[in-house]
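Peer 1: Provided herewith: target08.pdb, PDB, C-alpha atoms.
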```pdb
ATOM      1  CA  MET A   1     -32.736  51.747  12.447
ATOM      2  CA  ASP A   2     -31.903  49.635   9.440
ATOM      3  CA  GLY A   3     -28.515  49.768   7.747
ATOM      4  CA  LEU A   4     -26.674  51.387  10.642
ATOM      5  CA  LEU A   5     -23.201  50.392  11.814
ATOM      6  CA  TYR A   6     -22.378  51.177  15.438
ATOM      7  CA  PHE A   7     -18.808  51.690  16.645
ATOM      8  CA  VAL A   8     -18.632  50.826  20.337
ATOM      9  CA  ASN A   9     -15.674  51.472  22.628
ATOM     10  CA  TYR A  10     -14.945  48.163  24.322
ATOM     11  CA  HIS A  11     -13.517  49.703  27.498
ATOM     12  CA  THR A  12     -16.075  52.448  28.130
ATOM     13  CA  ARG A  13     -18.960  50.547  26.523
ATOM     14  CA  THR A  14     -20.171  53.689  24.842
ATOM     15  CA  VAL A  15     -21.189  54.247  21.248
ATOM     16  CA  GLU A  16     -18.544  56.456  19.639
ATOM     17  CA  LYS A  17     -19.922  56.670  16.117
ATOM     18  CA  ILE A  18     -22.900  55.535  14.030
ATOM     19  CA  ILE A  19     -22.828  55.489  10.229
ATOM     20  CA  GLN A  20     -25.401  54.525   7.620
ATOM     21  CA  ILE A  21     -23.844  51.855   5.375
ATOM     22  CA  HIS A  22     -27.014  50.385   3.806
ATOM     23  CA  GLU A  23     -30.575  51.516   3.267
ATOM     24  CA  ASP A  24     -32.020  48.284   4.687
ATOM     25  CA  ARG A  25     -31.072  45.455   7.070
ATOM     26  CA  ILE A  26     -27.383  44.474   7.086
ATOM     27  CA  THR A  27     -27.046  40.695   6.701
ATOM     28  CA  ALA A  28     -23.255  40.320   6.652
ATOM     29  CA  LEU A  29     -20.115  42.148   7.693
ATOM     30  CA  VAL A  30     -16.870  40.389   6.769
ATOM     31  CA  SER A  31     -13.233  41.428   6.976
ATOM     32  CA  ALA A  32     -10.908  40.429   4.148
ATOM     33  CA  PRO A  33      -8.245  37.989   5.423
ATOM     34  CA  ASN A  34      -5.494  40.489   4.622
ATOM     35  CA  ASN A  35      -7.409  43.257   6.487
ATOM     36  CA  GLN A  36      -7.355  45.509   3.413
ATOM     37  CA  PHE A  37     -11.129  45.994   3.227
ATOM     38  CA  TYR A  38     -14.520  45.096   4.675
ATOM     39  CA  VAL A  39     -17.510  43.651   2.838
ATOM     40  CA  THR A  40     -21.097  44.292   3.844
ATOM     41  CA  ALA A  41     -24.272  42.813   2.414
ATOM     42  CA  SER A  42     -27.914  43.740   2.696
ATOM     43  CA  GLU A  43     -31.297  42.088   2.650
ATOM     44  CA  ALA A  44     -32.060  43.972  -0.592
ATOM     45  CA  GLY A  45     -29.128  42.295  -2.371
ATOM     46  CA  VAL A  46     -26.529  45.062  -2.271
ATOM     47  CA  LEU A  47     -22.916  44.025  -1.702
ATOM     48  CA  ARG A  48     -20.508  46.807  -0.712
ATOM     49  CA  ILE A  49     -16.735  46.872  -0.322
ATOM     50  CA  TRP A  50     -15.434  49.427   2.182
ATOM     51  CA  SER A  51     -12.106  50.845   3.291
ATOM     52  CA  THR A  52     -10.995  49.563   6.692
ATOM     53  CA  ASP A  53     -12.189  52.727   8.427
ATOM     54  CA  PHE A  54     -15.565  52.665   6.596
ATOM     55  CA  GLU A  55     -14.869  56.210   5.388
ATOM     56  CA  SER A  56     -14.915  55.332   1.688
ATOM     57  CA  LEU A  57     -16.959  52.965  -0.433
ATOM     58  CA  LYS A  58     -14.634  51.131  -2.828
ATOM     59  CA  SER A  59     -17.212  49.198  -4.837
ATOM     60  CA  GLU A  60     -20.880  48.187  -4.938
ATOM     61  CA  VAL A  61     -22.781  45.384  -6.644
ATOM     62  CA  ASN A  62     -26.557  45.003  -6.748
ATOM     63  CA  THR A  63     -27.041  41.234  -7.006
ATOM     64  CA  GLY A  64     -30.796  41.351  -7.569
ATOM     65  CA  ASN A  65     -31.403  38.784  -4.806
ATOM     66  CA  GLY A  66     -31.459  39.252  -1.050
ATOM     67  CA  ILE A  67     -28.095  38.316   0.432
ATOM     68  CA  THR A  68     -27.991  36.049   3.462
ATOM     69  CA  HIS A  69     -24.234  35.813   3.926
ATOM     70  CA  CYS A  70     -20.932  36.370   2.173
ATOM     71  CA  ASP A  71     -17.325  35.332   2.654
ATOM     72  CA  VAL A  72     -14.005  36.552   1.254
ATOM     73  CA  SER A  73     -11.462  34.135  -0.240
ATOM     74  CA  TYR A  74      -8.100  33.687   1.473
ATOM     75  CA  ASP A  75      -6.304  35.714  -1.225
ATOM     76  CA  SER A  76      -9.014  38.430  -1.032
ATOM     77  CA  ASN A  77      -9.626  38.229  -4.796
ATOM     78  CA  GLN A  78     -13.110  36.715  -4.659
ATOM     79  CA  ILE A  79     -16.242  37.174  -2.597
ATOM     80  CA  CYS A  80     -18.680  34.287  -2.284
ATOM     81  CA  VAL A  81     -22.293  35.462  -1.953
ATOM     82  CA  LEU A  82     -25.182  33.401  -0.614
ATOM     83  CA  SER A  83     -28.722  34.337  -1.677
ATOM     84  CA  ALA A  84     -30.847  32.119   0.498
ATOM     85  CA  GLN A  85     -34.251  32.872  -0.977
ATOM     86  CA  SER A  86     -33.165  31.873  -4.458
ATOM     87  CA  GLY A  87     -30.853  29.093  -3.212
ATOM     88  CA  THR A  88     -27.942  30.457  -5.223
ATOM     89  CA  ILE A  89     -24.277  30.919  -4.574
ATOM     90  CA  SER A  90     -22.489  33.536  -6.631
ATOM     91  CA  VAL A  91     -18.902  34.703  -6.851
ATOM     92  CA  LEU A  92     -17.703  38.251  -7.300
ATOM     93  CA  ASP A  93     -14.251  38.106  -8.904
ATOM     94  CA  LEU A  94     -12.519  41.337  -7.911
ATOM     95  CA  ASP A  95      -9.613  40.862 -10.344
ATOM     96  CA  HIS A  96     -11.905  40.624 -13.381
ATOM     97  CA  SER A  97     -14.930  42.578 -12.092
ATOM     98  CA  ASN A  98     -17.243  39.632 -12.825
ATOM     99  CA  PHE A  99     -20.275  38.542 -10.837
ATOM    100  CA  ASN A 100     -21.508  35.064 -11.742
ATOM    101  CA  VAL A 101     -24.004  32.603 -10.289
ATOM    102  CA  VAL A 102     -21.997  29.417  -9.858
ATOM    103  CA  MET A 103     -24.544  27.150  -8.192
ATOM    104  CA  ARG A 104     -28.203  26.699  -7.456
ATOM    105  CA  SER A 105     -27.827  24.410  -4.510
ATOM    106  CA  HIS A 106     -30.816  23.502  -2.349
ATOM    107  CA  MET A 107     -34.537  22.940  -2.693
ATOM    108  CA  ASP A 108     -35.327  25.323   0.170
ATOM    109  CA  THR A 109     -33.853  28.466   1.712
ATOM    110  CA  VAL A 110     -30.088  28.326   2.284
ATOM    111  CA  THR A 111     -29.323  29.657   5.755
ATOM    112  CA  ASP A 112     -25.525  29.755   5.836
ATOM    113  CA  LEU A 113     -22.279  28.894   4.067
ATOM    114  CA  ALA A 114     -18.604  28.596   4.948
ATOM    115  CA  TYR A 115     -15.501  28.141   2.815
ATOM    116  CA  ASN A 116     -12.565  26.127   4.151
ATOM    117  CA  THR A 117      -9.321  27.397   2.647
ATOM    118  CA  MET A 118      -7.346  24.358   3.850
ATOM    119  CA  THR A 119      -9.553  21.795   2.094
ATOM    120  CA  GLY A 120     -10.929  23.966  -0.704
ATOM    121  CA  LYS A 121     -14.470  22.916   0.226
ATOM    122  CA  LEU A 122     -17.616  25.010   0.502
ATOM    123  CA  VAL A 123     -20.302  23.929   2.994
ATOM    124  CA  THR A 124     -23.942  25.043   2.796
ATOM    125  CA  VAL A 125     -26.927  24.450   5.092
ATOM    126  CA  SER A 126     -30.595  24.762   4.220
ATOM    127  CA  ASP A 127     -34.081  24.819   5.691
ATOM    128  CA  ASP A 128     -34.589  21.462   3.933
ATOM    129  CA  TYR A 129     -32.568  19.915   6.833
ATOM    130  CA  SER A 130     -29.542  19.303   4.607
ATOM    131  CA  VAL A 131     -25.857  20.113   4.845
ATOM    132  CA  LYS A 132     -24.000  19.917   1.528
ATOM    133  CA  VAL A 133     -20.277  19.939   0.850
ATOM    134  CA  TRP A 134     -19.022  21.279  -2.491
ATOM    135  CA  HIS A 135     -15.654  21.250  -4.238
ATOM    136  CA  GLY A 136     -14.556  24.902  -4.154
ATOM    137  CA  ASP A 137     -13.089  24.997  -7.669
ATOM    138  CA  THR A 138     -15.584  22.966  -9.683
ATOM    139  CA  MET A 139     -18.640  23.555  -7.439
ATOM    140  CA  GLU A 140     -19.521  19.874  -7.785
ATOM    141  CA  GLN A 141     -21.308  18.361  -4.807
ATOM    142  CA  VAL A 142     -18.969  16.137  -2.784
ATOM    143  CA  ASN A 143     -21.228  15.086   0.081
ATOM    144  CA  GLU A 144     -24.661  15.599   1.565
ATOM    145  CA  PHE A 145     -25.929  15.075   5.088
ATOM    146  CA  ILE A 146     -29.600  15.097   6.090
ATOM    147  CA  SER A 147     -30.607  15.810   9.663
ATOM    148  CA  GLU A 148     -33.853  14.069  10.508
ATOM    149  CA  ASN A 149     -34.580  15.839  13.812
ATOM    150  CA  ASP A 150     -32.690  19.111  14.047
ATOM    151  CA  LYS A 151     -32.614  21.748  11.345
ATOM    152  CA  PRO A 152     -29.077  23.109  10.881
ATOM    153  CA  ILE A 153     -28.931  26.904  10.636
ATOM    154  CA  ARG A 154     -25.214  27.799  10.779
ATOM    155  CA  VAL A 155     -22.000  26.173   9.642
ATOM    156  CA  VAL A 156     -18.324  26.783  10.390
ATOM    157  CA  SER A 157     -15.628  25.130   8.368
TER
END
```
Starting from the file, give its structure as structure tokens.
Peer 2:
Amino acid sequence: MDGLLYFVNYHTRTVEKIIQIHEDRITALVSAPNNQFYVTASEAGVLRIWSTDFESLKSEVNTGNGITHCDVSYDSNQICVLSAQSGTISVLDLDHSNFNVVMRSHMDTVTDLAYNTMTGKLVTVSDDYSVKVWHGDTMEQVNEFISENDKPIRVVS
């Protein structure tokens, strides 16, 4: 049942609605900080922007690379997209309708990313046992940490 979104009633614990939002596996579902829209991403590389009730599709971008994760900027004007298999981070600028690869970051698969709006830093983790910190504006690497024993898979910033 790939690409399905289930709406579950918390109190009754019953499924109230199921809708097809992608044709393949959903890899991310993110709410814009201002709660004006939702963003979903798929394993096939499709990024979709939805109304808050998921009744209408506002926009769609086929990135060409499988998407592992995405995040919406604090002002809701940009969406950061992580394509783990290609090790790239791209930005969809909603104001200018541009989609650009801004960084090719790791030597192996990138498993997660997080953007910290307070510090303006982007943090990525990879299967190469590394955690890298990037300057959010310039995308220059600020720091790198290597874990010798445990492979990091998720990051929160």
Peer 1: Convert the output of the PyMOL selection byres ((chain A and resi 93-101) around 9) on the shown file into explicit residues, formatted as a list of chain:residue names.
Peer 2: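 Taken over the shown coordinates, the PyMOL selection byres ((chain A and resi 93-101) around 9) returns A:Val61, A:Thr63, A:Ser76, A:Asn77, A:Gln78, A:Ile79, A:Cys80, A:Val81, A:Thr88, A:Ile89, A:Ser90, A:Val91, A:Leu92, A:Val102, A:Met103, A:Arg104.
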Peer 1: What do you get, as a list in words, if you spell out every residue that the PyMOL selection byres ((chain A and resi 60) around 6) selects here?
Peer 2: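 Those residues are Leu47, Arg48, Ser59 and Val61 of chain A.
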Peer 1: Could you check how far CA of Asp137 (chain A) sits from CA of Thr68 (chain A), in Å to one decimal?
Peer 2: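 Separating CA of Asp137 (chain A) from CA of Thr68 (chain A) is a distance of 21.6 Å.
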Peer 1: Between A:Val131, A:Ile67, A:Val15, A:Ile49, which is the closest to Glu148 (chain A) once you count all atoms listed in the file?
Peer 2: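 For Glu148 (chain A), the nearest of the given residues is A:Val131.
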Peer 1: In Å to one decimal, how far is CA of Val155 (chain A) from CA of Val123 (chain A)?
Peer 2: 7.2 Å
Peer 1: If you measure from CA of Ile26 (chain A) to CA of Asp2 (chain A), what distance in Å do you get, rounded to one decimal?
Peer 2: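 Answer for the CA of Ile26 (chain A) to CA of Asp2 (chain A) separation: 7.3 Å.
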Peer 1: Quick one: residues within 9 Å of region 31-45 of chain A, all atoms listed in the file, excluding same-chain residues fewer than 4 positions away - as JSON, numbers by chain?
Peer 2: {"A": [3, 21, 22, 23, 24, 25, 26, 27, 49, 50, 51, 52, 53, 54, 58, 61, 62, 63, 64, 65, 66, 67, 68, 69, 70, 71, 72, 73, 74, 75, 76, 79, 81, 83]}
Peer 1: So which residues fall inside 9 Å of (-19.5, 30.8, 11.8) if we count all atoms listed in the file? Mind giving them as a PyMOL selection string?
Peer 2: chain A and resi 112-114+154-157
Peer 1: Go through A:Ala28, A:Ile18, A:Ile146, A:Ile153 one by one, measure the shortest atom-to-atom distance of each to Thr109 (chain A) using all atoms listed in the file, and give the residue with the smallest value.
Peer 2: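 Of the candidates, the smallest distance to Thr109 (chain A) is held by A:Ile153.
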